[in-house]
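A.B. asks: Please see the structure below; I have some questions.
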Amino acid sequence: NRKVHEGDTYGYNYSLHSRSAMVRGGLFYSYLRLSASVSGELSFGSMWRDGHYEKATFAGRSFGESARTGYTAWSFTGEADYSLSPQSTLRLSLNYAGEPIGAEGLFYDARYSNDLISDGALGRRFGLSADYSWRSSVVRFDLAAYYNTLTESQSVTHYYDDLSSLYLDMVMRDIRSRRMGVEAALSLTISSRLDFTVAGAVGNYSYMNNPLAELRRNADGEPLLAEERILLKGYKPTSSPQYSIATSLSYSLPWSLRANLEWYWAGGRYMEISPLRRSERAIAAAATPEARRAMIEQRSLGAGSQLNLFLYMPFEIGDVPLSATLSINNLLNNSNTLYGGYEPSRLHKQGTALATTVTPHAEKVLYVSPRTLSATLTYKF
């Protein structure tokens, strides 16, 4: 009878259901130095929500089953390997896929509403890569280049909007992003006891467009704004480093003791951005050039490095096999290096009723951990 009694559970009490079927196939070809393969996948599915209680502000739209979303997803992958010599190989890879959007991107707010954003939406993922490798008894070299895009993606954000003083659901559609770069690694066996490895990467990650957003009130689902442009083009979608170097020196000492010294450097890192700051409404509400600059600027995290040491030694006491490890992370104690950070979505309102401006809240930053030591003693039985 849908009546709530003492001790009952209600509110966010719902179930999400998903059904899918998939068929997969592939072909493989090999001749002399060349080998190639193609594979494909086709899947059919549906998702729906089943609300176990009705929310008063979503009467008729929260209890029971929602409409069922149907989708047809697909993917295609092709690879080709060619042996340039007994020591070297070249590989080319291509992937293109239409991926279903999960439940978190299909409902305006699955916690208490059956309202669907779209039916059967698919994100498009494209990837192209080339890899070259060369091997000898003492040298190993790898070089790779990649280009990946994600288009027609969709996201839902629930947040408090300081401009309207309301809790809102924001749906961004057709989000497009691109990642491309080059990676290389070189490993050397200098002697029977000493190994050295160095790797580096250069990349470029950015949004490719300014997606449109829809705003509606979270409390009752009433529309607030049917269409608003979010200015994301050119911004970095991740705080991952776009430039990095990693080195490792490994030495085997007597008594089976092995020591690894590792050094990492990362640059081209940026704050994880808040799309809400870059909405047309927020930028228009920033009345001064300084406020607008603070609203749209994506702060750099700067470059950082870290040195780590790891020691490992197996041994026995009588007939008891043991092993001991000691690791020291951030050996030089560079604790002022920024590890990551993000932009809050909240805004400050300043001024009077006649002249008001907004400025963003300060970014939240994380620093790398200080020098950290850990030791373990392991017994195998």
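In the structure tokens, chains take the letters A, B, ... in the order shown, each chain's residues start at 1, and ligands count up from 1 in the order shown.
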Using only C-alpha atoms, which residues sit within 8 Å of Ser252 of chain A once same-chain residues fewer than 3 positions away are excluded, as a ChimeraX atom specification?
C.D. replies: /A:193-194,256-259
A.B. asks: Next, write the just-selected residues to a file, as an mmCIF file, in the first residue's frame, keeping N, CA, C and O atoms as the atom set.
C.D. replies:
```
data_model
loop_
_atom_site.group_PDB
_atom_site.id
_atom_site.type_symbol
_atom_site.label_atom_id
_atom_site.label_comp_id
_atom_site.auth_asym_id
_atom_site.auth_seq_id
_atom_site.Cartn_x
_atom_site.Cartn_y
_atom_site.Cartn_z
ATOM 1 N N ARG A 193 74.794 -7.892 -12.451
ATOM 2 C CA ARG A 193 74.204 -7.369 -11.211
ATOM 3 C C ARG A 193 73.450 -6.052 -11.395
ATOM 4 O O ARG A 193 72.632 -5.690 -10.554
ATOM 5 N N LEU A 194 73.717 -5.324 -12.479
ATOM 6 C CA LEU A 194 73.221 -3.959 -12.611
ATOM 7 C C LEU A 194 72.309 -3.818 -13.828
ATOM 8 O O LEU A 194 72.672 -4.193 -14.939
ATOM 9 N N SER A 256 72.025 -12.214 -1.945
ATOM 10 C CA SER A 256 70.723 -12.086 -2.606
ATOM 11 C C SER A 256 70.022 -10.780 -2.287
ATOM 12 O O SER A 256 68.810 -10.651 -2.495
ATOM 13 N N LEU A 257 70.736 -9.821 -1.766
ATOM 14 C CA LEU A 257 70.142 -8.509 -1.497
ATOM 15 C C LEU A 257 70.011 -7.732 -2.803
ATOM 16 O O LEU A 257 70.958 -7.643 -3.581
ATOM 17 N N ARG A 258 68.823 -7.182 -3.047
ATOM 18 C CA ARG A 258 68.573 -6.402 -4.265
ATOM 19 C C ARG A 258 68.078 -5.014 -3.877
ATOM 20 O O ARG A 258 67.186 -4.870 -3.025
ATOM 21 N N ALA A 259 68.661 -3.997 -4.522
ATOM 22 C CA ALA A 259 68.309 -2.607 -4.229
ATOM 23 C C ALA A 259 67.825 -1.928 -5.508
ATOM 24 O O ALA A 259 68.439 -2.074 -6.569
#
```
A.B. asks: Taking only segment 191-377 of chain A into account, list the residues labelled alpha helix (DSSP H) by DSSP (computed from the backbone), as a PyMOL selection string.
C.D. replies: chain A and resi 280-285+289-296
A.B. asks: Taking only C-alpha atoms into account, which of A:Gln350, A:Asn204, A:Tyr31, A:Tyr312 comes nearest Gly267 of chain A?
C.D. replies: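 Looking only at the distances to Gly267 of chain A, the closest residue turns out to be A:Asn204.
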A.B. asks: Write out as a list in words which residues come within 10 Å of Asn13 of chain A when counting only C-alpha atoms, dropping same-chain ones fewer than 6 positions away.
C.D. replies: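 Close residues of Asn13 of chain A: Asp50, Gly51, His52, Tyr53, Glu54, Phe63, Arg111 and Tyr112 of chain A.
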A.B. asks: Do a neighbour search on Leu232 of chain A at 9 Å with only C-alpha atoms, toss out local chain neighbours closer than 5 positions, and write the hits as a PDB file with all heavy atoms, in the first residue's frame.
C.D. replies:
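Final output, around.pdb:
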```pdb
ATOM      1  N   SER A 206      42.969  17.248 -24.071  1.00  0.00           N
ATOM      2  CA  SER A 206      42.156  18.463 -24.074  1.00  0.00           C
ATOM      3  C   SER A 206      40.724  18.164 -24.508  1.00  0.00           C
ATOM      4  O   SER A 206      40.448  17.163 -25.181  1.00  0.00           O
ATOM      5  CB  SER A 206      42.759  19.527 -24.998  1.00  0.00           C
ATOM      6  OG  SER A 206      42.793  19.064 -26.335  1.00  0.00           O
ATOM      7  N   TYR A 207      39.815  19.052 -24.081  1.00  0.00           N
ATOM      8  CA  TYR A 207      38.446  19.034 -24.595  1.00  0.00           C
ATOM      9  C   TYR A 207      38.443  19.611 -26.003  1.00  0.00           C
ATOM     10  O   TYR A 207      39.194  20.544 -26.314  1.00  0.00           O
ATOM     11  CB  TYR A 207      37.515  19.851 -23.702  1.00  0.00           C
ATOM     12  CG  TYR A 207      37.173  19.184 -22.394  1.00  0.00           C
ATOM     13  CD1 TYR A 207      37.723  19.622 -21.195  1.00  0.00           C
ATOM     14  CD2 TYR A 207      36.269  18.116 -22.358  1.00  0.00           C
ATOM     15  CE1 TYR A 207      37.402  19.010 -19.995  1.00  0.00           C
ATOM     16  CE2 TYR A 207      35.948  17.504 -21.154  1.00  0.00           C
ATOM     17  CZ  TYR A 207      36.516  17.955 -19.980  1.00  0.00           C
ATOM     18  OH  TYR A 207      36.196  17.345 -18.796  1.00  0.00           O
ATOM     19  N   MET A 208      37.555  19.067 -26.850  1.00  0.00           N
ATOM     20  CA  MET A 208      37.525  19.478 -28.254  1.00  0.00           C
ATOM     21  C   MET A 208      36.371  20.419 -28.575  1.00  0.00           C
ATOM     22  O   MET A 208      36.334  20.983 -29.668  1.00  0.00           O
ATOM     23  CB  MET A 208      37.417  18.229 -29.140  1.00  0.00           C
ATOM     24  CG  MET A 208      38.578  17.254 -28.997  1.00  0.00           C
ATOM     25  SD  MET A 208      38.238  15.650 -29.765  1.00  0.00           S
ATOM     26  CE  MET A 208      37.973  16.133 -31.481  1.00  0.00           C
ATOM     27  N   ASN A 209      35.427  20.597 -27.670  1.00  0.00           N
ATOM     28  CA  ASN A 209      34.258  21.424 -28.005  1.00  0.00           C
ATOM     29  C   ASN A 209      33.695  22.075 -26.755  1.00  0.00           C
ATOM     30  O   ASN A 209      34.150  21.821 -25.632  1.00  0.00           O
ATOM     31  CB  ASN A 209      33.180  20.576 -28.686  1.00  0.00           C
ATOM     32  CG  ASN A 209      32.515  19.606 -27.718  1.00  0.00           C
ATOM     33  OD1 ASN A 209      33.160  19.077 -26.802  1.00  0.00           O
ATOM     34  ND2 ASN A 209      31.227  19.370 -27.902  1.00  0.00           N
ATOM     35  N   ASN A 210      32.707  22.920 -26.956  1.00  0.00           N
ATOM     36  CA  ASN A 210      31.955  23.554 -25.878  1.00  0.00           C
ATOM     37  C   ASN A 210      30.567  22.913 -25.833  1.00  0.00           C
ATOM     38  O   ASN A 210      29.677  23.287 -26.603  1.00  0.00           O
ATOM     39  CB  ASN A 210      31.825  25.060 -26.111  1.00  0.00           C
ATOM     40  CG  ASN A 210      33.165  25.764 -26.089  1.00  0.00           C
ATOM     41  OD1 ASN A 210      34.038  25.437 -25.286  1.00  0.00           O
ATOM     42  ND2 ASN A 210      33.345  26.736 -26.974  1.00  0.00           N
ATOM     43  N   PRO A 211      30.362  21.912 -24.965  1.00  0.00           N
ATOM     44  CA  PRO A 211      29.087  21.191 -24.976  1.00  0.00           C
ATOM     45  C   PRO A 211      27.930  22.042 -24.451  1.00  0.00           C
ATOM     46  O   PRO A 211      28.126  23.061 -23.777  1.00  0.00           O
ATOM     47  CB  PRO A 211      29.353  20.004 -24.048  1.00  0.00           C
ATOM     48  CG  PRO A 211      30.443  20.479 -23.142  1.00  0.00           C
ATOM     49  CD  PRO A 211      31.293  21.395 -23.959  1.00  0.00           C
ATOM     50  N   PRO A 237      41.179  17.843 -19.478  1.00  0.00           N
ATOM     51  CA  PRO A 237      40.134  17.088 -18.770  1.00  0.00           C
ATOM     52  C   PRO A 237      40.648  16.271 -17.595  1.00  0.00           C
ATOM     53  O   PRO A 237      39.862  15.649 -16.899  1.00  0.00           O
ATOM     54  CB  PRO A 237      39.583  16.169 -19.861  1.00  0.00           C
ATOM     55  CG  PRO A 237      40.737  15.951 -20.779  1.00  0.00           C
ATOM     56  CD  PRO A 237      41.546  17.222 -20.758  1.00  0.00           C
ATOM     57  N   PRO A 275      33.220  22.264 -14.620  1.00  0.00           N
ATOM     58  CA  PRO A 275      32.481  22.843 -15.756  1.00  0.00           C
ATOM     59  C   PRO A 275      31.524  23.957 -15.333  1.00  0.00           C
ATOM     60  O   PRO A 275      31.225  24.849 -16.124  1.00  0.00           O
ATOM     61  CB  PRO A 275      31.715  21.640 -16.323  1.00  0.00           C
ATOM     62  CG  PRO A 275      32.465  20.441 -15.856  1.00  0.00           C
ATOM     63  CD  PRO A 275      33.010  20.809 -14.511  1.00  0.00           C
ATOM     64  N   ARG A 278      32.594  27.454 -15.859  1.00  0.00           N
ATOM     65  CA  ARG A 278      32.744  27.898 -17.243  1.00  0.00           C
ATOM     66  C   ARG A 278      31.425  27.919 -17.996  1.00  0.00           C
ATOM     67  O   ARG A 278      31.398  27.876 -19.218  1.00  0.00           O
ATOM     68  CB  ARG A 278      33.777  27.008 -17.944  1.00  0.00           C
ATOM     69  CG  ARG A 278      35.165  27.273 -17.391  1.00  0.00           C
ATOM     70  CD  ARG A 278      36.132  26.141 -17.565  1.00  0.00           C
ATOM     71  NE  ARG A 278      37.409  26.472 -16.929  1.00  0.00           N
ATOM     72  CZ  ARG A 278      37.667  26.286 -15.630  1.00  0.00           C
ATOM     73  NH1 ARG A 278      36.747  25.744 -14.851  1.00  0.00           N
ATOM     74  NH2 ARG A 278      38.827  26.630 -15.112  1.00  0.00           N
ATOM     75  N   SER A 279      30.333  27.961 -17.238  1.00  0.00           N
ATOM     76  CA  SER A 279      29.025  28.140 -17.873  1.00  0.00           C
ATOM     77  C   SER A 279      28.865  29.596 -18.277  1.00  0.00           C
ATOM     78  O   SER A 279      29.491  30.502 -17.705  1.00  0.00           O
ATOM     79  CB  SER A 279      27.908  27.736 -16.910  1.00  0.00           C
ATOM     80  OG  SER A 279      27.855  28.618 -15.797  1.00  0.00           O
TER      81      SER A 279
END
```
A.B. asks: Just want the 6 Å neighbourhood of Tyr367 of chain A, counted on only C-alpha atoms, with same-chain residues fewer than 5 positions away dropped. Output as an NGL selection string.
C.D. replies: :A and (337-339)
A.B. asks: Please write the residues from the selection above to a file, keeping C-alpha atoms, as a tab-separated table (two decimals), in the first residue's frame.
C.D. replies:
```tsv
chain	number	residue	atom	x	y	z
A	337	THR	CA	55.23	19.38	-4.29
A	338	LEU	CA	51.58	19.50	-5.35
A	339	TYR	CA	50.18	16.02	-6.00
```
A.B. asks: According to DSSP computed on the backbone, where in segment 162-333 of chain A is there strand (DSSP E)? Give the residues as a PyMOL selection string.
C.D. replies: chain A and resi 166-189+194-207+212-217+223-229+243-252+258-267+304-317+320-329
A.B. asks: Return the single residue from A:Thr77, A:Asn148, A:Thr72, A:Ser155 that is closest to Leu122 of chain A, with distances computed using only C-alpha atoms.
C.D. replies: A:Thr72
A.B. asks: Between atom CA of Ala324 of chain A and atom CA of Val368 of chain A, what is the distance in Å, rounded to a tenth?
C.D. replies: 26.1 Å
A.B. asks: What's around Val23 of chain A at 7 Å? Count only C-alpha atoms, leave out sequence neighbours fewer than 5 positions away in its own chain, and write the answer as a ChimeraX atom specification.
C.D. replies: /A:41-43
A.B. asks: With C-alpha atoms retained, could you export that selection as a PDB file, in the first residue's frame?
C.D. replies:
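Result went into result-v3.pdb, see below:
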```pdb
ATOM      1  CA  GLU A  41      31.564  -7.233 -31.001  1.00  0.00           C
ATOM      2  CA  LEU A  42      27.831  -6.515 -31.096  1.00  0.00           C
ATOM      3  CA  SER A  43      25.737  -6.261 -27.957  1.00  0.00           C
TER       4      SER A  43
END
```
A.B. asks: Could you tell me which of A:Tyr379, A:Tyr167, A:Tyr205, A:Tyr82 comes closest to Ala130 of chain A if we count only C-alpha atoms?
C.D. replies: A:Tyr82
A.B. asks: Find the residues near Leu168 of chain A: any atom within 12 Å, counting only C-alpha atoms, skip ones fewer than 3 places away on the same chain, and give them as a ChimeraX atom specification.
C.D. replies: /A:108-109,156-165,171,213-225,276,345
A.B. asks: Write the residues of the preceding selection, restricted to C-alpha atoms, as a compact mmCIF listing (two decimals), in the first residue's frame.
C.D. replies:
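Once written, selection11.txt looks like this:
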```
# COMPACT_ATOMS: atom_id res chain seq x y z
CA TYR A 108 18.48 12.80 -14.17
CA ASP A 109 18.79 11.48 -10.61
CA VAL A 156 25.15 14.39 -15.01
CA THR A 157 26.19 16.63 -12.10
CA HIS A 158 24.16 17.29 -8.94
CA TYR A 159 25.21 20.48 -7.20
CA TYR A 160 24.17 23.61 -5.32
CA ASP A 161 23.94 26.53 -7.72
CA ASP A 162 24.92 29.80 -6.04
CA LEU A 163 23.57 31.89 -8.93
CA SER A 164 20.00 30.62 -8.49
CA SER A 165 20.29 29.51 -4.83
CA VAL A 171 23.20 17.37 -17.94
CA ALA A 213 24.00 21.77 -20.81
CA GLU A 214 20.44 21.46 -19.51
CA LEU A 215 19.56 22.60 -15.98
CA ARG A 216 16.61 21.49 -13.86
CA ARG A 217 15.72 21.72 -10.19
CA ASN A 218 16.81 18.70 -8.21
CA ALA A 219 13.93 18.92 -5.72
CA ASP A 220 11.08 18.42 -8.20
CA GLY A 221 12.60 18.05 -11.68
CA GLU A 222 11.20 21.34 -12.98
CA PRO A 223 13.23 22.81 -15.88
CA LEU A 224 15.34 25.86 -15.07
CA LEU A 225 17.27 26.35 -18.32
CA LEU A 276 30.10 24.92 -13.63
CA SER A 345 31.77 24.36 -7.88
```
